[in-house]
Amino acid sequence: MATMKEVAKLAGVSVATVSRVISSPETVRKTTRDKVEEAIKQLNYKPNYLGRTLRLMKTKRILVLLNTLSNQFFSRVMKGIEDRAREDGYSVLVVVTHGNPDIFHQYAQMLQTHQVDGMIVCSIDVPESDLLKLSAEFPLVCACEPIRSKKIPSVSINDELAAYDAVKFLIRQGKQNIALFGAGKLYYSSVLREKGSIRAMKEASLTPFYISKEGLSYHAGARAVEALLAEKNELPDAIFCYSDTCAIGAISALHRKGFKIPVDVSVMGFDNTAVSEVYIPSLTTVAQPQHQIGYQAADLLIRQINGAPDTIKRYELPHEIVFRDSI
């Protein structure tokens, strides 16, 4: 997405001149106006057609983009966002992208045209370079999924440390052969969790029993069990899944094959979603502070909207290990 500064550079004028062409074109000479309008066309720049006055007004609306609403993790994050937004009189508009970057860009225009005051992105469907350009001009916060760029305001846990702590916990429970069920490079969080898991094993002079990159869904967990048994023909001491949903899929697949949890194999999840406590057996997991992530993301966004200085751009919230019956 082009910026006003890029339009000014292409047209050979100042940013203030571009702003005048957009808001008060009659005050700019025709030759200069033509150059600016041509640059806008070439760069496909999206100005705020509501004008300078409206740009200073607040809509009191926040846009939240999610991959899905079917994941219980996001319901608690949304509750945190809504609780913080309500404190300052903001309403929350939720859009589900289903992993489609075109939907992301479609609704990002609401931010660019000031139909909303700010945006919280709870899933990464687009390159970080696109997010970086947006955040340079508009109030934007990424939540839940970690971001590589330190310039994009974000709220998450330290995924590498959380996975490191989880594997250290399993080792303390006497587990030596540990399988890892993740999503490979599909998510940056999965990359970090695998890195932390392997680091903990190396410190204990261990290597992963098996690494799956099937994904973090219920069906991915089940597929990973099938692949593990096909390759190894035996069970590890423990399976560490990088989401609760994946862990439950793995447990279900193991049950169908006649294995008992945790008698035959221990299983650990990640997130501490609502189902992890009521599932049988209840799931040992890494707890993310889901409500707090949402609340902090909304607080950071509202401070941006109100022009507060960005003293901290990246917030890493604490995690904890919740010990239940699956270990």
# chains A, B, ... in the order shown; residues from 1 in each chain; ligands from 1
call {"tool": "residues_around", "arguments": {"residues": "segment 241-251 of chain A", "least_positions_apart": "2", "cutoff": "7 Å", "atoms": "only C-alpha atoms", "output": "number ranges by chain"}}
result
A: 180-182, 190, 216-222, 225, 239, 253-255, 267-273, 276
call {"tool": "select_by_dssp", "arguments": {"residues": "segment 139-168 of chain A", "states": "alpha helix (DSSP H)", "output": "list in words"}}
result
Asp159, Glu160, Leu161, Ala162, Ala163, Tyr164, Asp165, Ala166, Val167 and Lys168 of chain A
call {"tool": "write_last_selection", "arguments": {"atoms": "N, CA, C and O atoms", "output": "mmCIF file, in the first residue's frame"}}
result
data_model
loop_
_atom_site.group_PDB
_atom_site.id
_atom_site.type_symbol
_atom_site.label_atom_id
_atom_site.label_comp_id
_atom_site.auth_asym_id
_atom_site.auth_seq_id
_atom_site.Cartn_x
_atom_site.Cartn_y
_atom_site.Cartn_z
ATOM 1 N N ASP A 159 6.759 -17.598 22.916
ATOM 2 C CA ASP A 159 6.460 -18.973 22.515
ATOM 3 C C ASP A 159 7.651 -19.906 22.679
ATOM 4 O O ASP A 159 7.491 -21.069 23.058
ATOM 5 N N GLU A 160 8.831 -19.411 22.377
ATOM 6 C CA GLU A 160 10.017 -20.265 22.505
ATOM 7 C C GLU A 160 10.251 -20.651 23.970
ATOM 8 O O GLU A 160 10.493 -21.823 24.290
ATOM 9 N N LEU A 161 10.156 -19.686 24.859
ATOM 10 C CA LEU A 161 10.354 -19.955 26.274
ATOM 11 C C LEU A 161 9.257 -20.860 26.827
ATOM 12 O O LEU A 161 9.524 -21.751 27.642
ATOM 13 N N ALA A 162 8.026 -20.652 26.371
ATOM 14 C CA ALA A 162 6.910 -21.469 26.851
ATOM 15 C C ALA A 162 7.105 -22.937 26.481
ATOM 16 O O ALA A 162 6.894 -23.838 27.300
ATOM 17 N N ALA A 163 7.524 -23.187 25.242
ATOM 18 C CA ALA A 163 7.757 -24.568 24.813
ATOM 19 C C ALA A 163 8.964 -25.161 25.530
ATOM 20 O O ALA A 163 8.966 -26.353 25.881
ATOM 21 N N TYR A 164 9.980 -24.353 25.727
ATOM 22 C CA TYR A 164 11.161 -24.790 26.480
ATOM 23 C C TYR A 164 10.743 -25.245 27.884
ATOM 24 O O TYR A 164 11.126 -26.321 28.347
ATOM 25 N N ASP A 165 9.946 -24.426 28.552
ATOM 26 C CA ASP A 165 9.482 -24.768 29.896
ATOM 27 C C ASP A 165 8.627 -26.027 29.890
ATOM 28 O O ASP A 165 8.694 -26.844 30.820
ATOM 29 N N ALA A 166 7.807 -26.187 28.856
ATOM 30 C CA ALA A 166 6.938 -27.367 28.767
ATOM 31 C C ALA A 166 7.748 -28.649 28.643
ATOM 32 O O ALA A 166 7.464 -29.652 29.318
ATOM 33 N N VAL A 167 8.753 -28.637 27.786
ATOM 34 C CA VAL A 167 9.574 -29.841 27.606
ATOM 35 C C VAL A 167 10.406 -30.113 28.850
ATOM 36 O O VAL A 167 10.580 -31.274 29.247
ATOM 37 N N LYS A 168 10.911 -29.072 29.481
ATOM 38 C CA LYS A 168 11.629 -29.264 30.750
ATOM 39 C C LYS A 168 10.712 -29.906 31.791
ATOM 40 O O LYS A 168 11.137 -30.778 32.564
#
call {"tool": "residues_around", "arguments": {"residues": "His291 of chain A", "least_positions_apart": "2", "cutoff": "12 Å", "atoms": "only C-alpha atoms", "output": "ChimeraX atom specification"}}
result
/A:72-84,143-144,155-156,271-273,287-289,293-298,317
call {"tool": "atom_distance", "arguments": {"atom1": "atom CA of Ser149 of chain A", "atom2": "atom CA of Val126 of chain A"}}
result
13.6 Å
call {"tool": "atom_distance", "arguments": {"atom1": "atom CA of Lys46 of chain A", "atom2": "atom CA of Lys151 of chain A"}}
result
22.6 Å
call {"tool": "residues_around", "arguments": {"residues": "segment 204-214 of chain A", "least_positions_apart": "3", "cutoff": "8 Å", "atoms": "only C-alpha atoms", "output": "ChimeraX atom specification"}}
result
/A:176-184,198,200-201,220-221,223-224,228,236
call {"tool": "atom_distance", "arguments": {"atom1": "atom CA of Met110 of chain A", "atom2": "atom CA of Tyr187 of chain A"}}
result
26.1 Å
call {"tool": "closest_residue", "arguments": {"among": "A:Ser129, A:Thr32, A:Asn158, A:Thr3", "to": "Glu316 of chain A", "atoms": "only C-alpha atoms"}}
result
A:Asn158
call {"tool": "residues_around", "arguments": {"residues": "Gln115 of chain A", "least_positions_apart": "6", "cutoff": "9 Å", "atoms": "only C-alpha atoms", "output": "compact mmCIF listing (two decimals) with all heavy atoms, in the first residue's frame"}}
result
# COMPACT_ATOMS: atom_id res chain seq x y z
N LYS A 58 -13.23 10.73 15.63
CA LYS A 58 -13.13 9.32 15.96
C LYS A 58 -14.46 8.65 15.70
O LYS A 58 -15.53 9.17 16.03
CB LYS A 58 -12.71 9.14 17.42
CG LYS A 58 -11.27 9.57 17.72
CD LYS A 58 -10.91 9.23 19.15
CE LYS A 58 -9.43 9.51 19.42
NZ LYS A 58 -9.12 10.93 19.35
N THR A 59 -14.39 7.47 15.14
CA THR A 59 -15.61 6.69 14.90
C THR A 59 -16.00 5.89 16.14
O THR A 59 -17.13 5.41 16.23
CB THR A 59 -15.40 5.69 13.75
OG1 THR A 59 -14.42 4.71 14.16
CG2 THR A 59 -14.91 6.39 12.50
N ARG A 61 -14.88 3.02 16.83
CA ARG A 61 -15.01 1.63 16.41
C ARG A 61 -13.63 1.02 16.19
O ARG A 61 -12.73 1.67 15.66
CB ARG A 61 -15.82 1.50 15.11
CG ARG A 61 -17.29 1.81 15.26
CD ARG A 61 -18.07 1.45 14.02
NE ARG A 61 -17.64 2.23 12.86
CZ ARG A 61 -18.20 2.15 11.67
NH1 ARG A 61 -19.21 1.32 11.46
NH2 ARG A 61 -17.77 2.90 10.68
N GLN A 109 -9.05 -1.66 4.17
CA GLN A 109 -9.42 -0.36 3.59
C GLN A 109 -10.32 0.44 4.53
O GLN A 109 -10.36 1.67 4.46
CB GLN A 109 -10.13 -0.57 2.25
CG GLN A 109 -9.20 -1.06 1.15
CD GLN A 109 -9.88 -1.17 -0.20
OE1 GLN A 109 -10.98 -0.67 -0.39
NE2 GLN A 109 -9.21 -1.82 -1.14
call {"tool": "select_by_dssp", "arguments": {"residues": "segment 50-276 of chain A", "states": "strand (DSSP E or B)", "output": "JSON, numbers by chain"}}
result
{"A": [61, 62, 63, 64, 65, 66, 91, 92, 93, 94, 95, 96, 118, 119, 120, 121, 140, 141, 142, 143, 154, 155, 156, 157, 178, 179, 180, 181, 210, 211, 212, 238, 239, 240, 241, 266, 267, 268, 269, 270, 271]}
call {"tool": "write_last_selection", "arguments": {"atoms": "C-alpha atoms", "output": "PDB file, in the first residue's frame"}}
result
ATOM      1  CA  ARG A  61     -15.007   1.626  16.407  1.00  0.00           C
ATOM      2  CA  ILE A  62     -12.254  -0.996  16.417  1.00  0.00           C
ATOM      3  CA  LEU A  63     -11.844  -3.610  13.705  1.00  0.00           C
ATOM      4  CA  VAL A  64     -10.658  -7.094  14.724  1.00  0.00           C
ATOM      5  CA  LEU A  65      -9.521  -9.610  12.101  1.00  0.00           C
ATOM      6  CA  LEU A  66      -9.507 -13.333  12.961  1.00  0.00           C
ATOM      7  CA  SER A  91     -17.589  -0.828  19.730  1.00  0.00           C
ATOM      8  CA  VAL A  92     -15.852  -3.828  18.153  1.00  0.00           C
ATOM      9  CA  LEU A  93     -16.362  -5.027  14.580  1.00  0.00           C
ATOM     10  CA  VAL A  94     -15.202  -8.624  14.043  1.00  0.00           C
ATOM     11  CA  VAL A  95     -14.283 -10.002  10.612  1.00  0.00           C
ATOM     12  CA  VAL A  96     -13.334 -13.646   9.950  1.00  0.00           C
ATOM     13  CA  GLY A 118      -7.809   1.147  14.606  1.00  0.00           C
ATOM     14  CA  MET A 119      -7.337  -2.532  13.856  1.00  0.00           C
ATOM     15  CA  ILE A 120      -6.278  -5.597  15.829  1.00  0.00           C
ATOM     16  CA  VAL A 121      -4.981  -8.513  13.767  1.00  0.00           C
ATOM     17  CA  LEU A 140      -2.652  -1.290  14.380  1.00  0.00           C
ATOM     18  CA  VAL A 141      -1.788  -4.056  16.837  1.00  0.00           C
ATOM     19  CA  CYS A 142      -1.036  -7.726  16.190  1.00  0.00           C
ATOM     20  CA  ALA A 143      -2.189 -10.113  18.913  1.00  0.00           C
ATOM     21  CA  SER A 154       2.177  -6.727  19.203  1.00  0.00           C
ATOM     22  CA  VAL A 155       0.935  -8.681  22.205  1.00  0.00           C
ATOM     23  CA  SER A 156       1.700 -12.383  22.708  1.00  0.00           C
ATOM     24  CA  ILE A 157       3.590 -14.754  24.974  1.00  0.00           C
ATOM     25  CA  ILE A 178       9.194 -36.977  23.414  1.00  0.00           C
ATOM     26  CA  ALA A 179       7.364 -36.459  20.121  1.00  0.00           C
ATOM     27  CA  LEU A 180       6.582 -32.934  18.897  1.00  0.00           C
ATOM     28  CA  PHE A 181       3.369 -32.193  16.968  1.00  0.00           C
ATOM     29  CA  TYR A 210       9.430 -37.756  16.264  1.00  0.00           C
ATOM     30  CA  ILE A 211       8.543 -34.341  14.789  1.00  0.00           C
ATOM     31  CA  SER A 212       5.246 -33.798  12.973  1.00  0.00           C
ATOM     32  CA  ALA A 238       5.049 -38.258  25.701  1.00  0.00           C
ATOM     33  CA  ILE A 239       3.587 -36.222  22.854  1.00  0.00           C
ATOM     34  CA  PHE A 240       3.834 -32.437  23.108  1.00  0.00           C
ATOM     35  CA  CYS A 241       1.296 -30.785  20.809  1.00  0.00           C
ATOM     36  CA  SER A 266       1.325 -38.901  28.044  1.00  0.00           C
ATOM     37  CA  VAL A 267      -0.037 -36.006  25.978  1.00  0.00           C
ATOM     38  CA  MET A 268       0.484 -32.290  26.547  1.00  0.00           C
ATOM     39  CA  GLY A 269      -1.216 -29.391  24.779  1.00  0.00           C
ATOM     40  CA  PHE A 270      -0.735 -25.667  24.376  1.00  0.00           C
ATOM     41  CA  ASP A 271      -3.169 -22.744  24.973  1.00  0.00           C
TER      42      ASP A 271
END
call {"tool": "closest_residue", "arguments": {"among": "A:Val286, A:Leu111, A:Val263, A:Ala85", "to": "Ile302 of chain A", "atoms": "only C-alpha atoms"}}
result
A:Ala85
call {"tool": "closest_residue", "arguments": {"among": "A:Gly196, A:Ile327, A:Lys202, A:Arg256", "to": "Asp237 of chain A", "atoms": "only C-alpha atoms"}}
result
A:Ile327
